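Enquirer: What follows is the file coords_26.pdb, containing PDB, C-alpha atoms, pLDDT in the B column:
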```pdb
MODEL        1
ATOM      1  CA  MET A   1      -9.166 -12.174   9.381  1.00 59.00           C
ATOM      2  CA  ALA A   2      -7.284 -10.965   6.313  1.00 82.00           C
ATOM      3  CA  THR A   3      -6.264  -7.330   5.853  1.00 90.00           C
ATOM      4  CA  VAL A   4      -4.981  -5.501   2.792  1.00 94.00           C
ATOM      5  CA  GLU A   5      -3.300  -2.134   3.325  1.00 96.00           C
ATOM      6  CA  LEU A   6      -2.626   0.423   0.620  1.00 95.00           C
ATOM      7  CA  THR A   7      -1.041   3.853   0.806  1.00 96.00           C
ATOM      8  CA  PHE A   8      -1.165   6.273  -2.085  1.00 96.00           C
ATOM      9  CA  SER A   9      -0.218   9.845  -2.867  1.00 96.00           C
ATOM     10  CA  ALA A  10      -2.835  12.594  -3.077  1.00 95.00           C
ATOM     11  CA  LEU A  11      -3.565  12.253  -6.774  1.00 95.00           C
ATOM     12  CA  PRO A  12      -7.109  11.851  -8.102  1.00 94.00           C
ATOM     13  CA  ALA A  13      -5.962   9.062 -10.447  1.00 95.00           C
ATOM     14  CA  HIS A  14      -5.217   6.842  -7.437  1.00 96.00           C
ATOM     15  CA  VAL A  15      -8.847   6.987  -6.294  1.00 97.00           C
ATOM     16  CA  ARG A  16      -9.802   4.735  -9.207  1.00 96.00           C
ATOM     17  CA  THR A  17      -7.238   2.158  -8.104  1.00 96.00           C
ATOM     18  CA  ALA A  18      -8.616   2.226  -4.546  1.00 97.00           C
ATOM     19  CA  ARG A  19     -12.180   1.756  -5.854  1.00 97.00           C
ATOM     20  CA  LEU A  20     -11.172  -1.186  -8.052  1.00 96.00           C
ATOM     21  CA  LEU A  21      -9.209  -2.822  -5.240  1.00 96.00           C
ATOM     22  CA  ALA A  22     -12.070  -2.391  -2.758  1.00 97.00           C
ATOM     23  CA  THR A  23     -14.602  -3.834  -5.184  1.00 97.00           C
ATOM     24  CA  ALA A  24     -12.422  -6.849  -5.973  1.00 96.00           C
ATOM     25  CA  ILE A  25     -11.771  -7.584  -2.300  1.00 95.00           C
ATOM     26  CA  ALA A  26     -15.440  -7.044  -1.398  1.00 96.00           C
ATOM     27  CA  ARG A  27     -16.465  -9.559  -4.066  1.00 95.00           C
ATOM     28  CA  ARG A  28     -13.826 -11.994  -2.807  1.00 92.00           C
ATOM     29  CA  THR A  29     -15.024 -11.514   0.782  1.00 93.00           C
ATOM     30  CA  GLY A  30     -18.568 -12.456  -0.176  1.00 93.00           C
ATOM     31  CA  VAL A  31     -20.313  -9.087  -0.274  1.00 96.00           C
ATOM     32  CA  GLU A  32     -23.518  -9.480  -2.288  1.00 96.00           C
ATOM     33  CA  GLU A  33     -23.225  -8.455  -5.910  1.00 96.00           C
ATOM     34  CA  SER A  34     -26.044  -5.933  -5.436  1.00 95.00           C
ATOM     35  CA  LEU A  35     -23.926  -4.045  -2.848  1.00 96.00           C
ATOM     36  CA  LEU A  36     -20.731  -3.776  -4.898  1.00 97.00           C
ATOM     37  CA  ASP A  37     -21.750  -0.460  -6.490  1.00 97.00           C
ATOM     38  CA  GLU A  38     -22.300   0.989  -3.013  1.00 97.00           C
ATOM     39  CA  VAL A  39     -18.847  -0.242  -1.949  1.00 97.00           C
ATOM     40  CA  ARG A  40     -17.261   1.279  -5.051  1.00 97.00           C
ATOM     41  CA  LEU A  41     -19.027   4.628  -4.620  1.00 97.00           C
ATOM     42  CA  ALA A  42     -18.448   4.922  -0.861  1.00 97.00           C
ATOM     43  CA  VAL A  43     -14.753   4.062  -1.116  1.00 97.00           C
ATOM     44  CA  GLY A  44     -14.382   6.457  -4.044  1.00 96.00           C
ATOM     45  CA  GLU A  45     -16.069   9.238  -2.057  1.00 95.00           C
ATOM     46  CA  ALA A  46     -13.923   8.636   1.047  1.00 96.00           C
ATOM     47  CA  CYS A  47     -10.717   8.527  -0.996  1.00 96.00           C
ATOM     48  CA  SER A  48     -11.668  11.592  -3.074  1.00 94.00           C
ATOM     49  CA  ARG A  49     -12.378  13.506   0.141  1.00 92.00           C
ATOM     50  CA  ALA A  50      -8.980  12.462   1.505  1.00 94.00           C
ATOM     51  CA  VAL A  51      -7.185  13.399  -1.738  1.00 95.00           C
ATOM     52  CA  GLU A  52      -8.765  16.867  -1.735  1.00 93.00           C
ATOM     53  CA  ALA A  53      -7.921  17.394   1.943  1.00 91.00           C
ATOM     54  CA  HIS A  54      -4.313  16.340   1.342  1.00 94.00           C
ATOM     55  CA  ARG A  55      -3.967  18.507  -1.754  1.00 93.00           C
ATOM     56  CA  LEU A  56      -5.063  21.507   0.334  1.00 91.00           C
ATOM     57  CA  HIS A  57      -3.166  20.793   3.550  1.00 92.00           C
ATOM     58  CA  CYS A  58      -0.426  18.173   3.194  1.00 93.00           C
ATOM     59  CA  PRO A  59       0.198  17.119  -0.426  1.00 93.00           C
ATOM     60  CA  GLY A  60       3.349  15.152   0.428  1.00 93.00           C
ATOM     61  CA  GLU A  61       1.670  12.863   2.950  1.00 94.00           C
ATOM     62  CA  PRO A  62       0.207   9.512   1.819  1.00 96.00           C
ATOM     63  CA  ILE A  63      -3.403   8.450   2.268  1.00 97.00           C
ATOM     64  CA  ARG A  64      -3.952   5.052   3.847  1.00 97.00           C
ATOM     65  CA  ILE A  65      -6.701   2.545   3.148  1.00 98.00           C
ATOM     66  CA  GLU A  66      -7.243  -0.739   4.977  1.00 97.00           C
ATOM     67  CA  LEU A  67      -9.600  -3.433   3.701  1.00 96.00           C
ATOM     68  CA  CYS A  68     -10.428  -6.431   5.848  1.00 95.00           C
ATOM     69  CA  ASP A  69     -12.916  -9.206   6.368  1.00 87.00           C
ATOM     70  CA  ASP A  70     -13.815  -9.861   9.959  1.00 79.00           C
ATOM     71  CA  SER A  71     -16.740 -11.674  11.549  1.00 77.00           C
ATOM     72  CA  GLY A  72     -18.931 -11.687   8.470  1.00 88.00           C
ATOM     73  CA  ARG A  73     -18.243  -8.027   7.592  1.00 94.00           C
ATOM     74  CA  PHE A  74     -16.222  -6.351   4.851  1.00 96.00           C
ATOM     75  CA  GLU A  75     -14.616  -3.285   6.404  1.00 96.00           C
ATOM     76  CA  VAL A  76     -12.804  -0.370   4.759  1.00 97.00           C
ATOM     77  CA  ILE A  77     -10.915   2.286   6.698  1.00 97.00           C
ATOM     78  CA  VAL A  78      -9.666   5.396   4.901  1.00 97.00           C
ATOM     79  CA  THR A  79      -7.247   7.518   6.909  1.00 96.00           C
ATOM     80  CA  ASP A  80      -5.862  10.899   5.957  1.00 95.00           C
ATOM     81  CA  SER A  81      -3.345  13.193   7.655  1.00 93.00           C
ATOM     82  CA  ALA A  82      -4.982  16.533   6.872  1.00 91.00           C
ATOM     83  CA  PRO A  83      -5.797  18.636   9.934  1.00 84.00           C
ATOM     84  CA  SER A  84      -9.483  18.791  10.700  1.00 69.00           C
ATOM     85  CA  ASP A  85     -11.624  21.040  12.851  1.00 54.00           C
ATOM     86  CA  GLU A  86     -14.715  18.926  12.160  1.00 50.00           C
ATOM     87  CA  GLN A  87     -15.076  17.616  15.699  1.00 45.00           C
ATOM     88  CA  GLY A  88     -18.538  16.888  16.985  1.00 40.00           C
ATOM     89  CA  PRO A  89     -19.671  17.034  20.597  1.00 35.00           C
ATOM     90  CA  GLU A  90     -18.198  13.570  21.103  1.00 36.00           C
ATOM     91  CA  PHE A  91     -15.143  12.057  19.464  1.00 36.00           C
ATOM     92  CA  GLY A  92     -16.252  10.141  16.394  1.00 39.00           C
ATOM     93  CA  VAL A  93     -19.554  11.948  15.919  1.00 37.00           C
ATOM     94  CA  PRO A  94     -19.389  14.491  13.092  1.00 40.00           C
ATOM     95  CA  ARG A  95     -21.665  17.497  13.194  1.00 38.00           C
ATOM     96  CA  PHE A  96     -23.072  17.465   9.675  1.00 41.00           C
ATOM     97  CA  ASP A  97     -25.061  20.663  10.292  1.00 40.00           C
ATOM     98  CA  ASP A  98     -21.871  22.626  11.047  1.00 43.00           C
ATOM     99  CA  ILE A  99     -19.908  21.029   8.223  1.00 44.00           C
ATOM    100  CA  LEU A 100     -22.606  21.595   5.635  1.00 43.00           C
ATOM    101  CA  GLY A 101     -23.242  25.146   6.860  1.00 45.00           C
ATOM    102  CA  GLN A 102     -19.800  26.391   5.788  1.00 45.00           C
ATOM    103  CA  GLY A 103     -21.139  28.108   2.697  1.00 43.00           C
ATOM    104  CA  PRO A 104     -20.363  27.905  -1.025  1.00 42.00           C
ATOM    105  CA  GLY A 105     -16.805  27.799  -2.273  1.00 41.00           C
ATOM    106  CA  VAL A 106     -15.503  26.231   0.926  1.00 44.00           C
ATOM    107  CA  PHE A 107     -14.134  22.686   0.996  1.00 46.00           C
ATOM    108  CA  MET A 108     -17.072  20.746   2.453  1.00 51.00           C
ATOM    109  CA  PRO A 109     -15.920  17.264   3.491  1.00 48.00           C
ATOM    110  CA  GLY A 110     -19.179  16.698   5.371  1.00 65.00           C
ATOM    111  CA  PHE A 111     -21.104  16.381   2.139  1.00 73.00           C
ATOM    112  CA  GLY A 112     -18.992  13.396   1.104  1.00 79.00           C
ATOM    113  CA  ILE A 113     -19.408  11.872   4.545  1.00 87.00           C
ATOM    114  CA  ALA A 114     -23.176  12.204   4.254  1.00 88.00           C
ATOM    115  CA  VAL A 115     -23.023  10.389   0.902  1.00 90.00           C
ATOM    116  CA  ILE A 116     -20.863   7.638   2.428  1.00 93.00           C
ATOM    117  CA  ALA A 117     -23.322   7.254   5.309  1.00 92.00           C
ATOM    118  CA  GLY A 118     -26.071   6.647   2.756  1.00 92.00           C
ATOM    119  CA  LEU A 119     -24.070   4.019   0.876  1.00 93.00           C
ATOM    120  CA  ALA A 120     -22.397   1.949   3.590  1.00 94.00           C
ATOM    121  CA  ASP A 121     -24.179  -0.365   5.977  1.00 89.00           C
ATOM    122  CA  ASP A 122     -22.259   0.999   8.984  1.00 93.00           C
ATOM    123  CA  VAL A 123     -20.110   4.167   9.121  1.00 95.00           C
ATOM    124  CA  GLU A 124     -17.968   5.718  11.835  1.00 94.00           C
ATOM    125  CA  VAL A 125     -16.082   8.990  11.393  1.00 93.00           C
ATOM    126  CA  TYR A 126     -13.178   9.910  13.650  1.00 92.00           C
ATOM    127  CA  PRO A 127     -12.031  13.489  12.999  1.00 87.00           C
ATOM    128  CA  SER A 128      -9.045  14.916  14.844  1.00 85.00           C
ATOM    129  CA  GLN A 129      -6.477  17.661  14.513  1.00 85.00           C
ATOM    130  CA  LYS A 130      -4.111  15.069  12.962  1.00 88.00           C
ATOM    131  CA  GLY A 131      -6.483  13.834  10.269  1.00 91.00           C
ATOM    132  CA  MET A 132      -9.663  11.911   9.704  1.00 92.00           C
ATOM    133  CA  ARG A 133     -10.438   8.226   9.802  1.00 95.00           C
ATOM    134  CA  ILE A 134     -13.562   6.930   8.076  1.00 95.00           C
ATOM    135  CA  ARG A 135     -14.571   3.345   8.814  1.00 96.00           C
ATOM    136  CA  MET A 136     -17.320   1.787   6.711  1.00 97.00           C
ATOM    137  CA  SER A 137     -18.540  -1.768   6.450  1.00 96.00           C
ATOM    138  CA  TRP A 138     -20.970  -4.074   4.667  1.00 96.00           C
ATOM    139  CA  PRO A 139     -22.250  -7.585   5.406  1.00 95.00           C
ATOM    140  CA  ALA A 140     -20.246 -10.375   3.813  1.00 92.00           C
ATOM    141  CA  ALA A 141     -20.366 -14.144   3.672  1.00 82.00           C
ATOM    142  CA  ALA A 142     -19.165 -15.727   6.887  1.00 65.00           C
ATOM    143  CA  GLY A 143     -15.508 -16.566   6.407  1.00 56.00           C
ATOM    144  CA  GLY A 144     -15.412 -14.971   2.970  1.00 58.00           C
ATOM    145  CA  LEU A 145     -14.783 -16.992  -0.146  1.00 53.00           C
ATOM    146  CA  SER A 146     -12.141 -19.651  -0.345  1.00 47.00           C
ATOM    147  CA  PRO A 147      -8.856 -18.700  -2.057  1.00 53.00           C
ATOM    148  CA  VAL A 148      -8.416 -19.591  -5.710  1.00 46.00           C
TER     149      VAL A 148
ENDMDL
END
```
Can I see the file as structure tokens?
Expert:
Amino acid sequence: MATVELTFSALPAHVRTARLLATAIARRTGVEESLLDEVRLAVGEACSRAVEAHRLHCPGEPIRIELCDDSGRFEVIVTDSAPSDEQGPEFGVPRFDDILGQGPGVFMPGFGIAVIAGLADDVEVYPSQKGMRIRMSWPAAAGGLSPV
């Protein structure tokens, strides 16, 4: 299992770098070419959500992204440090109805999570008072591709 970790400041320009890195590693891991747009969009959405949350709550804190290949899966974990009150009835289960019902003009991170859930093969969301962790994954070639 190989893991790449990246931390970046809460600037929208860094989202592009995260998307490019995720796409390159997904390709290298053996994710089908037809899924690479979904990887790019889901990672971009998760990172954009984290950037916006950090800009509102903790602009000096870095955002963390982990990309790994494990057991025939390409996995991306985006972790932010912005406080969240988006807890569902169980830890790790967001309540999209509550998040989306916040009304216009309010930062609605649940919308981005709903988009991510539609793009990734498997998604888990872990909100807490200390931040949010979004884990998403896609099928990849067993063992990934051999190094160049």
Enquirer: Rank A:Arg64, A:Glu52, A:Thr79, A:Ala42 by their smallest atom-to-atom distance to Val123 (chain A), using all atoms listed in the file, and report the top residue only.
Expert: A:Ala42
Enquirer: Write out as a PyMOL selection string each polymer residue whose atoms come within 8 Å of Ala22 (chain A), counting all atoms listed in the file; drop sequence neighbours fewer than 6 positions from it.
Expert: chain A and resi 39-40+43+67+76
Enquirer: Write a file of the selected residues as a PDB file, in the frame of the given file, keeping C-alpha atoms.
Expert:
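What landed in out_22.pdb:
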```pdb
ATOM      1  CA  VAL A  39     -18.847  -0.242  -1.949  1.00 97.00           C
ATOM      2  CA  ARG A  40     -17.261   1.279  -5.051  1.00 97.00           C
ATOM      3  CA  VAL A  43     -14.753   4.062  -1.116  1.00 97.00           C
ATOM      4  CA  LEU A  67      -9.600  -3.433   3.701  1.00 96.00           C
ATOM      5  CA  VAL A  76     -12.804  -0.370   4.759  1.00 97.00           C
TER       6      VAL A  76
END
```
Enquirer: Determine, counting all atoms listed in the file, which protein, DNA and RNA residues have an atom within 6 Å of an atom of region 127-136 of chain A; residues of the same chain fewer than 2 positions away are not included. Present the result as a list in words.
Expert: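 The residues satisfying every condition are Glu75, Val76, Ile77, Val78, Thr79, Asp80, Ser81, Ala82, Pro83, Ser84, Gln87, Ala120, Asp122, Val123, Glu124 and Val125 of chain A.
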Enquirer: Hey, can you check how far CA of Gly60 (chain A) sits from CA of Leu11 (chain A)?
Expert: 10.4 Å
Enquirer: Calculated over all atoms listed in the file, which of the candidates A:Leu20, A:Val4, A:Val15, A:Ala53 has the smallest distance to Asp37 (chain A)?
Expert: A:Leu20
Enquirer: Just need the box for region 48-53 of chain A, edges along x, y and z, holding every atom the file lists for it with 8 Å tacked onto each side, so centre and edge lengths in Å to one decimal, as AutoDock Vina command-line options.
Expert:
```
--center_x -9.8 --center_y 14.5 --center_z -0.6 --size_x 21.2 --size_y 21.8 --size_z 21.0
```
Enquirer: Please report the interatomic distance between CA of Cys47 (chain A) and CA of Leu21 (chain A) in Å with one decimal.
Expert: 12.2 Å
Enquirer: Extract, using all atoms listed in the file, all DNA, RNA and protein residues at most 6 Å from Pro62 (chain A), discarding same-chain residues fewer than 6 positions from it, and format them as number ranges by chain.
Expert: A: 7-9
Enquirer: Looking at only C-alpha atoms, which of A:Ala26, A:Ala18, A:Val31, A:Leu36 is the one that sits closest to Leu119 (chain A)?
Expert: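 Looking only at the distances to Leu119 (chain A), the closest residue turns out to be A:Leu36.
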Enquirer: Identify the residues around (-5.2, -9.7, 11.7) within a radius of 12 Å, measuring from all atoms listed in the file in the coordinates stated by the file, and give them as a list of chain:residue names.
Expert: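 The residues that fall inside the cut-off are A:Met1, A:Ala2, A:Thr3, A:Val4, A:Glu5, A:Glu66, A:Leu67, A:Cys68, A:Asp69, A:Asp70, A:Ser71.
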Enquirer: Hey, which of A:Thr17, A:Ser48, A:Ser34, A:Ser137 ends up closest to Arg73 (chain A)? Count all atoms listed in the file.
Expert: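 The answer is A:Ser137, which sits nearest to Arg73 (chain A).
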Enquirer: Can you turn the PyMOL selection byres ((chain A and resi 29) around 7) into a concrete residue list for this file, as a count of residues only?
Expert: 12
